[in-house]
Amino acid sequence: MVNSLPVDFSLKEEHLSVVVPIILAIVSFVIYWFTAQSEKVKEKFYKKSDFDTASEHHIFFTKIFGFLTMGVIPLVLCLVLLPGTSLAYYGLAYKADTLALTLICIFILSLVVVPMASASARKSKNLLKYPQIRARVWTNKTVLINIVGWALYLFGYETLFRGVLLMPLAEHMGVWPAIAINIAIYSAIHIPKGLEETIGAMPLGLILCLVTLATGTIWVAFCVHLAMALTNSFTALKFHPDISYKRN
C-alpha cells in the first residue's frame, strides 16, 4: 500500500491573492523578455527603415510592449480576479500622509544611485549594451524617445514588481515572506544581464520593497529606477565611441 503525505491540494479563495500575482509576474515577464529579444521582431523594424530609425522604433516598441505586458495587463487582471482591490491597493495613488517620506526617499536614494549608475555606465562592458538605442547619431527626437520609452517601461515594470507582486503578498503572507519572494524573482530576471546586475538587484530590490511598503505607493521605486536608467543611458551616450549626439 502506498502512503501519501497529508497535503491539501484544494485551491481556496484566499490563496488567489498569492498565486495570481506570482503567476502573472512570471508569465508577463517571460512574454515581454522573449518578445523584446526576438530577432524576428527586430528584423521587421530593420527591413522597413534605415539603421538609426529602425533602432529607435524597435527599442521604443519593446518599451511600450513592456509597459503593456508587465504593467497594464497584470494590473487589470488583478483588479478583475481579486475582488476588493483597487489602484490605491497596488500603490498607484496619491497619498498625502506619506508624501513627505516619499519625496525624502526619492531625494536620498537618487543621491546614492545616480553617481553609481554614472560610474558604471562608463565601463566598456556596459557600453556593449547601452544606450539601448544603437542609432549612430542621436537627435533631439532620439533623446525624447529614450526618455518617454524608459518612463513608460519602468512604470509598467514597477507596477508589476512593487505593486502587483508585493502588495497582495505582504497582506496575505506577511512583509518578510513577500519581500523574500519579490527579491528572488526580481534578482532572477536579471540573470540574462550578467552576474553584476543580478547581485545588485538584491539590495536594490530590498530597499525598493521597504520604501514601497512604508509609503504605500510605487512612486519612490519608479522615480529612483527611472533616474538610474536615464543616468545610465545618457552617460553611455556621452562615452560611447561609436555613438554621437547631434543637436537639431
# chains A, B, ... in the order shown; residues from 1 in each chain; ligands from 1
$ residues_around --residues "region 63-77 of chain A" --least-positions-apart "3" --cutoff "6 Å" --atoms "only C-alpha atoms" --output "list in words"
Ser28, Tyr32, Phe60, Val80, Leu81, Gly149, Leu152, Tyr153, Gly156, Tyr157, Thr159 and Leu160 of chain A
$ select_by_dssp --residues "region 13-239 of chain A" --states "alpha helix (DSSP H)" --output "PyMOL selection string"
chain A and resi 16-36+39-48+51-66+73-81+99-121+124-127+140-158+167-173+175-188+195-215+219-239
$ residues_around --residues "Ala188 (chain A)" --least-positions-apart "5" --cutoff "12 Å" --atoms "only C-alpha atoms" --output "list of chain:residue names"
A:Ala25, A:Ile26, A:Phe29, A:Val30, A:Ile181, A:Asn182, A:Ile183, A:Lys193, A:Gly194, A:Leu195, A:Glu197, A:Thr198, A:Ile199, A:Gly200, A:Ala201, A:Met202, A:Gly205
$ write_last_selection --atoms "N, CA and C atoms" --output "CSV table (one decimal), in the first residue's frame"
chain,number,residue,atom,x,y,z
A,25,ALA,N,3.4,37.7,-12.6
A,25,ALA,CA,4.7,38.3,-12.6
A,25,ALA,C,5.6,37.5,-13.5
A,26,ILE,N,5.6,36.2,-13.3
A,26,ILE,CA,6.5,35.3,-14.1
A,26,ILE,C,6.1,35.3,-15.6
A,29,PHE,N,6.6,38.7,-17.5
A,29,PHE,CA,8.0,39.0,-17.8
A,29,PHE,C,8.5,38.1,-18.9
A,30,VAL,N,8.2,36.8,-18.9
A,30,VAL,CA,8.6,35.9,-19.9
A,30,VAL,C,8.1,36.3,-21.3
A,181,ILE,N,10.2,36.7,-1.6
A,181,ILE,CA,9.7,36.2,-2.9
A,181,ILE,C,10.0,37.2,-4.0
A,182,ASN,N,9.7,38.5,-3.6
A,182,ASN,CA,9.9,39.6,-4.6
A,182,ASN,C,11.4,39.7,-5.0
A,183,ILE,N,12.3,39.6,-4.0
A,183,ILE,CA,13.7,39.7,-4.3
A,183,ILE,C,14.2,38.5,-5.1
A,193,LYS,N,21.3,39.5,-17.7
A,193,LYS,CA,22.1,40.7,-17.8
A,193,LYS,C,23.5,40.6,-17.2
A,194,GLY,N,23.7,39.4,-16.6
A,194,GLY,CA,25.1,39.2,-16.0
A,194,GLY,C,25.1,39.2,-14.5
A,195,LEU,N,26.2,38.7,-13.9
A,195,LEU,CA,26.3,38.5,-12.5
A,195,LEU,C,26.2,39.8,-11.7
A,197,GLU,N,24.6,42.7,-12.3
A,197,GLU,CA,23.3,43.2,-12.2
A,197,GLU,C,22.4,42.3,-11.4
A,198,THR,N,22.7,41.0,-11.5
A,198,THR,CA,21.9,40.0,-10.7
A,198,THR,C,22.1,40.2,-9.2
A,199,ILE,N,23.4,40.4,-8.8
A,199,ILE,CA,23.7,40.6,-7.4
A,199,ILE,C,23.2,41.9,-7.0
A,200,GLY,N,23.4,43.0,-7.8
A,200,GLY,CA,23.0,44.3,-7.5
A,200,GLY,C,21.5,44.4,-7.3
A,201,ALA,N,20.7,43.6,-8.0
A,201,ALA,CA,19.3,43.6,-7.8
A,201,ALA,C,18.8,43.2,-6.5
A,202,MET,N,19.6,42.5,-5.7
A,202,MET,CA,19.2,42.0,-4.4
A,202,MET,C,19.0,43.1,-3.4
A,205,GLY,N,16.4,45.7,-4.7
A,205,GLY,CA,15.1,45.1,-4.5
A,205,GLY,C,14.6,45.2,-3.1
$ residues_around --residues "Leu79 (chain A)" --least-positions-apart "5" --cutoff "12 Å" --atoms "only C-alpha atoms" --output "compact mmCIF listing (two decimals) with N, CA and C atoms, in the first residue's frame"
# COMPACT_ATOMS: atom_id res chain seq x y z
N SER A 17 -4.89 35.48 -3.85
CA SER A 17 -4.16 36.73 -3.67
C SER A 17 -2.65 36.53 -3.66
N VAL A 20 -2.14 34.22 -7.88
CA VAL A 20 -2.35 35.02 -9.10
C VAL A 20 -1.22 36.02 -9.34
N PRO A 21 -0.80 36.84 -8.36
CA PRO A 21 0.29 37.79 -8.61
C PRO A 21 1.60 37.11 -9.00
N VAL A 72 0.03 47.21 -17.52
CA VAL A 72 -1.41 47.36 -17.73
C VAL A 72 -2.15 46.03 -17.60
N ILE A 73 -1.70 45.02 -18.33
CA ILE A 73 -2.43 43.74 -18.36
C ILE A 73 -2.46 43.04 -17.01
N PRO A 74 -1.31 42.85 -16.32
CA PRO A 74 -1.37 42.21 -15.00
C PRO A 74 -2.21 43.00 -14.00
N GLY A 84 -12.21 43.45 -4.40
CA GLY A 84 -11.90 44.30 -3.25
C GLY A 84 -10.61 45.07 -3.38
N THR A 85 -9.87 44.85 -4.46
CA THR A 85 -8.62 45.60 -4.67
C THR A 85 -8.90 46.82 -5.54
N SER A 86 -7.94 47.74 -5.54
CA SER A 86 -8.09 48.99 -6.30
C SER A 86 -6.72 49.47 -6.73
N LEU A 87 -6.69 50.55 -7.50
CA LEU A 87 -5.40 51.13 -7.91
C LEU A 87 -4.59 51.53 -6.68
N ALA A 88 -5.25 52.10 -5.69
CA ALA A 88 -4.55 52.51 -4.46
C ALA A 88 -3.97 51.30 -3.73
N TYR A 89 -4.67 50.19 -3.78
CA TYR A 89 -4.21 48.96 -3.13
C TYR A 89 -2.86 48.53 -3.69
N TYR A 90 -2.66 48.74 -4.99
CA TYR A 90 -1.42 48.36 -5.65
C TYR A 90 -0.40 49.49 -5.70
N GLY A 163 4.06 46.65 -7.08
CA GLY A 163 2.63 46.77 -6.88
C GLY A 163 1.94 45.43 -6.87
N VAL A 164 1.76 44.85 -8.04
CA VAL A 164 1.04 43.59 -8.19
C VAL A 164 1.68 42.45 -7.40
N PRO A 168 -0.24 42.44 -2.47
CA PRO A 168 -1.12 41.35 -2.03
C PRO A 168 -0.38 40.32 -1.19
$ residues_around --residues "region 116-128 of chain A" --least-positions-apart "4" --cutoff "12 Å" --atoms "only C-alpha atoms" --output "PyMOL selection string"
chain A and resi 109-112+132-134+193-194+196-197+200+224-243
$ residues_around --residues "Val41 (chain A)" --least-positions-apart "4" --cutoff "10 Å" --atoms "only C-alpha atoms" --output "list in words"
Phe34, Thr35, Ala36, Gln37, Phe45, Tyr46, His58, Phe61 and Thr62 of chain A
$ write_last_selection --atoms "C-alpha atoms" --output "PDB file, in the first residue's frame"
ATOM      1  CA  PHE A  34      11.313  36.796 -25.335  1.00  0.00           C
ATOM      2  CA  THR A  35       9.406  39.271 -27.476  1.00  0.00           C
ATOM      3  CA  ALA A  36      11.910  42.056 -26.775  1.00  0.00           C
ATOM      4  CA  GLN A  37      14.824  39.703 -27.529  1.00  0.00           C
ATOM      5  CA  PHE A  45      11.847  47.053 -37.982  1.00  0.00           C
ATOM      6  CA  TYR A  46      15.216  46.942 -39.721  1.00  0.00           C
ATOM      7  CA  HIS A  58      12.452  48.825 -32.277  1.00  0.00           C
ATOM      8  CA  PHE A  61       8.293  49.218 -29.337  1.00  0.00           C
ATOM      9  CA  THR A  62       9.907  46.995 -26.695  1.00  0.00           C
TER      10      THR A  62
END
$ residues_around --residues "region 211-223 of chain A" --least-positions-apart "4" --cutoff "8 Å" --atoms "only C-alpha atoms" --output "VMD selection string"
chain A and resid 88 90 to 95 98 to 99 101 to 103 105 to 106 154 to 155 158 to 159 162 to 163 167 207 227
$ write_last_selection --atoms "C-alpha atoms" --output "mmCIF file, in the first residue's frame"
data_model
loop_
_atom_site.group_PDB
_atom_site.id
_atom_site.type_symbol
_atom_site.label_atom_id
_atom_site.label_comp_id
_atom_site.auth_asym_id
_atom_site.auth_seq_id
_atom_site.Cartn_x
_atom_site.Cartn_y
_atom_site.Cartn_z
ATOM 1 C CA ALA A 88 -4.551 52.508 -4.463
ATOM 2 C CA TYR A 90 -1.420 48.361 -5.652
ATOM 3 C CA GLY A 91 0.344 51.603 -4.812
ATOM 4 C CA LEU A 92 -0.989 53.655 -7.712
ATOM 5 C CA ALA A 93 -2.421 56.613 -5.858
ATOM 6 C CA TYR A 94 -1.571 59.936 -4.271
ATOM 7 C CA LYS A 95 -1.100 59.589 -0.510
ATOM 8 C CA THR A 98 3.293 59.762 3.143
ATOM 9 C CA LEU A 99 4.148 62.471 0.599
ATOM 10 C CA LEU A 101 8.521 60.496 3.228
ATOM 11 C CA THR A 102 8.161 59.735 -0.475
ATOM 12 C CA LEU A 103 9.988 62.908 -1.527
ATOM 13 C CA CYS A 105 13.312 58.804 -0.072
ATOM 14 C CA ILE A 106 13.429 59.824 -3.742
ATOM 15 C CA LEU A 154 9.614 51.401 -15.816
ATOM 16 C CA PHE A 155 6.132 52.498 -14.815
ATOM 17 C CA GLU A 158 7.385 48.855 -11.042
ATOM 18 C CA THR A 159 3.620 48.422 -11.205
ATOM 19 C CA ARG A 162 6.392 46.739 -6.388
ATOM 20 C CA GLY A 163 2.626 46.775 -6.883
ATOM 21 C CA MET A 167 1.209 44.401 -2.009
ATOM 22 C CA ILE A 207 15.301 48.815 -0.428
ATOM 23 C CA ALA A 227 16.802 58.193 -12.518
#
$ decode --residues "region 192-240 of chain A" --atoms "N, CA and C atoms" --output "PDB file, in the first residue's frame"
ATOM      1  N   PRO A 192      19.965  37.137 -17.146  1.00  0.00           N
ATOM      2  CA  PRO A 192      20.456  37.328 -18.523  1.00  0.00           C
ATOM      3  C   PRO A 192      21.351  38.557 -18.689  1.00  0.00           C
ATOM      4  N   LYS A 193      21.293  39.497 -17.736  1.00  0.00           N
ATOM      5  CA  LYS A 193      22.094  40.713 -17.844  1.00  0.00           C
ATOM      6  C   LYS A 193      23.464  40.587 -17.181  1.00  0.00           C
ATOM      7  N   GLY A 194      23.729  39.417 -16.592  1.00  0.00           N
ATOM      8  CA  GLY A 194      25.053  39.202 -16.012  1.00  0.00           C
ATOM      9  C   GLY A 194      25.050  39.158 -14.492  1.00  0.00           C
ATOM     10  N   LEU A 195      26.175  38.678 -13.948  1.00  0.00           N
ATOM     11  CA  LEU A 195      26.297  38.476 -12.508  1.00  0.00           C
ATOM     12  C   LEU A 195      26.207  39.784 -11.734  1.00  0.00           C
ATOM     13  N   GLU A 196      26.837  40.842 -12.237  1.00  0.00           N
ATOM     14  CA  GLU A 196      26.867  42.116 -11.516  1.00  0.00           C
ATOM     15  C   GLU A 196      25.463  42.678 -11.300  1.00  0.00           C
ATOM     16  N   GLU A 197      24.641  42.683 -12.348  1.00  0.00           N
ATOM     17  CA  GLU A 197      23.285  43.208 -12.216  1.00  0.00           C
ATOM     18  C   GLU A 197      22.407  42.275 -11.384  1.00  0.00           C
ATOM     19  N   THR A 198      22.657  40.971 -11.485  1.00  0.00           N
ATOM     20  CA  THR A 198      21.873  40.008 -10.710  1.00  0.00           C
ATOM     21  C   THR A 198      22.101  40.200  -9.213  1.00  0.00           C
ATOM     22  N   ILE A 199      23.367  40.357  -8.826  1.00  0.00           N
ATOM     23  CA  ILE A 199      23.683  40.570  -7.412  1.00  0.00           C
ATOM     24  C   ILE A 199      23.205  41.949  -6.962  1.00  0.00           C
ATOM     25  N   GLY A 200      23.391  42.952  -7.810  1.00  0.00           N
ATOM     26  CA  GLY A 200      22.978  44.309  -7.462  1.00  0.00           C
ATOM     27  C   GLY A 200      21.475  44.439  -7.285  1.00  0.00           C
ATOM     28  N   ALA A 201      20.708  43.566  -7.955  1.00  0.00           N
ATOM     29  CA  ALA A 201      19.254  43.626  -7.846  1.00  0.00           C
ATOM     30  C   ALA A 201      18.769  43.223  -6.457  1.00  0.00           C
ATOM     31  N   MET A 202      19.588  42.476  -5.713  1.00  0.00           N
ATOM     32  CA  MET A 202      19.157  42.002  -4.389  1.00  0.00           C
ATOM     33  C   MET A 202      19.034  43.140  -3.376  1.00  0.00           C
ATOM     34  N   PRO A 203      20.100  43.913  -3.108  1.00  0.00           N
ATOM     35  CA  PRO A 203      19.938  45.022  -2.143  1.00  0.00           C
ATOM     36  C   PRO A 203      19.006  46.108  -2.665  1.00  0.00           C
ATOM     37  N   LEU A 204      19.051  46.373  -3.978  1.00  0.00           N
ATOM     38  CA  LEU A 204      18.152  47.384  -4.538  1.00  0.00           C
ATOM     39  C   LEU A 204      16.703  46.935  -4.394  1.00  0.00           C
ATOM     40  N   GLY A 205      16.442  45.662  -4.686  1.00  0.00           N
ATOM     41  CA  GLY A 205      15.095  45.134  -4.547  1.00  0.00           C
ATOM     42  C   GLY A 205      14.593  45.228  -3.124  1.00  0.00           C
ATOM     43  N   LEU A 206      15.474  44.940  -2.165  1.00  0.00           N
ATOM     44  CA  LEU A 206      15.101  45.027  -0.748  1.00  0.00           C
ATOM     45  C   LEU A 206      14.718  46.454  -0.374  1.00  0.00           C
ATOM     46  N   ILE A 207      15.554  47.411  -0.758  1.00  0.00           N
ATOM     47  CA  ILE A 207      15.301  48.815  -0.428  1.00  0.00           C
ATOM     48  C   ILE A 207      14.005  49.308  -1.065  1.00  0.00           C
ATOM     49  N   LEU A 208      13.803  48.976  -2.340  1.00  0.00           N
ATOM     50  CA  LEU A 208      12.601  49.437  -3.033  1.00  0.00           C
ATOM     51  C   LEU A 208      11.341  48.814  -2.440  1.00  0.00           C
ATOM     52  N   CYS A 209      11.422  47.562  -2.023  1.00  0.00           N
ATOM     53  CA  CYS A 209      10.268  46.930  -1.368  1.00  0.00           C
ATOM     54  C   CYS A 209       9.955  47.618  -0.046  1.00  0.00           C
ATOM     55  N   LEU A 210      10.979  47.899   0.735  1.00  0.00           N
ATOM     56  CA  LEU A 210      10.784  48.519   2.040  1.00  0.00           C
ATOM     57  C   LEU A 210      10.164  49.905   1.911  1.00  0.00           C
ATOM     58  N   VAL A 211      10.679  50.725   1.000  1.00  0.00           N
ATOM     59  CA  VAL A 211      10.131  52.081   0.868  1.00  0.00           C
ATOM     60  C   VAL A 211       8.739  52.057   0.251  1.00  0.00           C
ATOM     61  N   THR A 212       8.482  51.073  -0.598  1.00  0.00           N
ATOM     62  CA  THR A 212       7.135  50.943  -1.175  1.00  0.00           C
ATOM     63  C   THR A 212       6.118  50.619  -0.091  1.00  0.00           C
ATOM     64  N   LEU A 213       6.463  49.686   0.783  1.00  0.00           N
ATOM     65  CA  LEU A 213       5.558  49.322   1.869  1.00  0.00           C
ATOM     66  C   LEU A 213       5.422  50.460   2.886  1.00  0.00           C
ATOM     67  N   ALA A 214       6.506  51.196   3.090  1.00  0.00           N
ATOM     68  CA  ALA A 214       6.477  52.292   4.061  1.00  0.00           C
ATOM     69  C   ALA A 214       5.635  53.463   3.559  1.00  0.00           C
ATOM     70  N   THR A 215       5.693  53.744   2.263  1.00  0.00           N
ATOM     71  CA  THR A 215       4.958  54.875   1.703  1.00  0.00           C
ATOM     72  C   THR A 215       3.582  54.482   1.181  1.00  0.00           C
ATOM     73  N   GLY A 216       3.403  53.182   0.909  1.00  0.00           N
ATOM     74  CA  GLY A 216       2.124  52.715   0.382  1.00  0.00           C
ATOM     75  C   GLY A 216       1.933  52.993  -1.092  1.00  0.00           C
ATOM     76  N   THR A 217       3.010  53.432  -1.783  1.00  0.00           N
ATOM     77  CA  THR A 217       2.924  53.707  -3.219  1.00  0.00           C
ATOM     78  C   THR A 217       4.193  53.205  -3.915  1.00  0.00           C
ATOM     79  N   ILE A 218       4.121  53.147  -5.250  1.00  0.00           N
ATOM     80  CA  ILE A 218       5.282  52.698  -6.034  1.00  0.00           C
ATOM     81  C   ILE A 218       6.134  53.880  -6.515  1.00  0.00           C
ATOM     82  N   TRP A 219       5.808  55.104  -6.116  1.00  0.00           N
ATOM     83  CA  TRP A 219       6.433  56.279  -6.732  1.00  0.00           C
ATOM     84  C   TRP A 219       7.922  56.396  -6.433  1.00  0.00           C
ATOM     85  N   VAL A 220       8.349  56.014  -5.240  1.00  0.00           N
ATOM     86  CA  VAL A 220       9.792  56.064  -4.948  1.00  0.00           C
ATOM     87  C   VAL A 220      10.529  55.087  -5.856  1.00  0.00           C
ATOM     88  N   ALA A 221      10.027  53.858  -5.940  1.00  0.00           N
ATOM     89  CA  ALA A 221      10.660  52.845  -6.779  1.00  0.00           C
ATOM     90  C   ALA A 221      10.712  53.292  -8.231  1.00  0.00           C
ATOM     91  N   PHE A 222       9.614  53.861  -8.720  1.00  0.00           N
ATOM     92  CA  PHE A 222       9.567  54.310 -10.109  1.00  0.00           C
ATOM     93  C   PHE A 222      10.553  55.443 -10.364  1.00  0.00           C
ATOM     94  N   CYS A 223      10.533  56.469  -9.535  1.00  0.00           N
ATOM     95  CA  CYS A 223      11.392  57.642  -9.752  1.00  0.00           C
ATOM     96  C   CYS A 223      12.877  57.297  -9.633  1.00  0.00           C
ATOM     97  N   VAL A 224      13.230  56.496  -8.639  1.00  0.00           N
ATOM     98  CA  VAL A 224      14.627  56.127  -8.445  1.00  0.00           C
ATOM     99  C   VAL A 224      15.105  55.242  -9.590  1.00  0.00           C
ATOM    100  N   HIS A 225      14.265  54.299  -9.993  1.00  0.00           N
ATOM    101  CA  HIS A 225      14.636  53.412 -11.099  1.00  0.00           C
ATOM    102  C   HIS A 225      14.777  54.198 -12.398  1.00  0.00           C
ATOM    103  N   LEU A 226      13.894  55.166 -12.614  1.00  0.00           N
ATOM    104  CA  LEU A 226      13.971  55.997 -13.817  1.00  0.00           C
ATOM    105  C   LEU A 226      15.231  56.854 -13.798  1.00  0.00           C
ATOM    106  N   ALA A 227      15.579  57.401 -12.641  1.00  0.00           N
ATOM    107  CA  ALA A 227      16.802  58.193 -12.518  1.00  0.00           C
ATOM    108  C   ALA A 227      18.030  57.353 -12.856  1.00  0.00           C
ATOM    109  N   MET A 228      18.046  56.124 -12.391  1.00  0.00           N
ATOM    110  CA  MET A 228      19.154  55.211 -12.698  1.00  0.00           C
ATOM    111  C   MET A 228      19.237  54.923 -14.194  1.00  0.00           C
ATOM    112  N   ALA A 229      18.089  54.609 -14.794  1.00  0.00           N
ATOM    113  CA  ALA A 229      18.071  54.229 -16.207  1.00  0.00           C
ATOM    114  C   ALA A 229      18.498  55.378 -17.115  1.00  0.00           C
ATOM    115  N   LEU A 230      17.984  56.575 -16.834  1.00  0.00           N
ATOM    116  CA  LEU A 230      18.335  57.727 -17.669  1.00  0.00           C
ATOM    117  C   LEU A 230      19.789  58.133 -17.471  1.00  0.00           C
ATOM    118  N   THR A 231      20.282  58.051 -16.242  1.00  0.00           N
ATOM    119  CA  THR A 231      21.696  58.337 -15.989  1.00  0.00           C
ATOM    120  C   THR A 231      22.577  57.366 -16.748  1.00  0.00           C
ATOM    121  N   ASN A 232      22.203  56.103 -16.701  1.00  0.00           N
ATOM    122  CA  ASN A 232      22.981  55.076 -17.397  1.00  0.00           C
ATOM    123  C   ASN A 232      22.978  55.305 -18.901  1.00  0.00           C
ATOM    124  N   SER A 233      21.794  55.550 -19.469  1.00  0.00           N
ATOM    125  CA  SER A 233      21.707  55.672 -20.925  1.00  0.00           C
ATOM    126  C   SER A 233      22.402  56.930 -21.442  1.00  0.00           C
ATOM    127  N   PHE A 234      22.257  58.058 -20.740  1.00  0.00           N
ATOM    128  CA  PHE A 234      22.874  59.292 -21.232  1.00  0.00           C
ATOM    129  C   PHE A 234      24.374  59.350 -20.946  1.00  0.00           C
ATOM    130  N   THR A 235      24.806  58.713 -19.871  1.00  0.00           N
ATOM    131  CA  THR A 235      26.250  58.609 -19.633  1.00  0.00           C
ATOM    132  C   THR A 235      26.888  57.711 -20.682  1.00  0.00           C
ATOM    133  N   ALA A 236      26.215  56.598 -20.986  1.00  0.00           N
ATOM    134  CA  ALA A 236      26.716  55.696 -22.031  1.00  0.00           C
ATOM    135  C   ALA A 236      26.752  56.398 -23.384  1.00  0.00           C
ATOM    136  N   LEU A 237      25.756  57.232 -23.648  1.00  0.00           N
ATOM    137  CA  LEU A 237      25.733  58.008 -24.892  1.00  0.00           C
ATOM    138  C   LEU A 237      26.961  58.924 -24.970  1.00  0.00           C
ATOM    139  N   LYS A 238      27.266  59.572 -23.870  1.00  0.00           N
ATOM    140  CA  LYS A 238      28.392  60.510 -23.845  1.00  0.00           C
ATOM    141  C   LYS A 238      29.727  59.820 -24.069  1.00  0.00           C
ATOM    142  N   PHE A 239      29.895  58.629 -23.525  1.00  0.00           N
ATOM    143  CA  PHE A 239      31.200  57.968 -23.565  1.00  0.00           C
ATOM    144  C   PHE A 239      31.314  56.887 -24.642  1.00  0.00           C
ATOM    145  N   HIS A 240      30.231  56.622 -25.370  1.00  0.00           N
ATOM    146  CA  HIS A 240      30.305  55.591 -26.406  1.00  0.00           C
ATOM    147  C   HIS A 240      31.109  56.112 -27.596  1.00  0.00           C
TER     148      HIS A 240
END
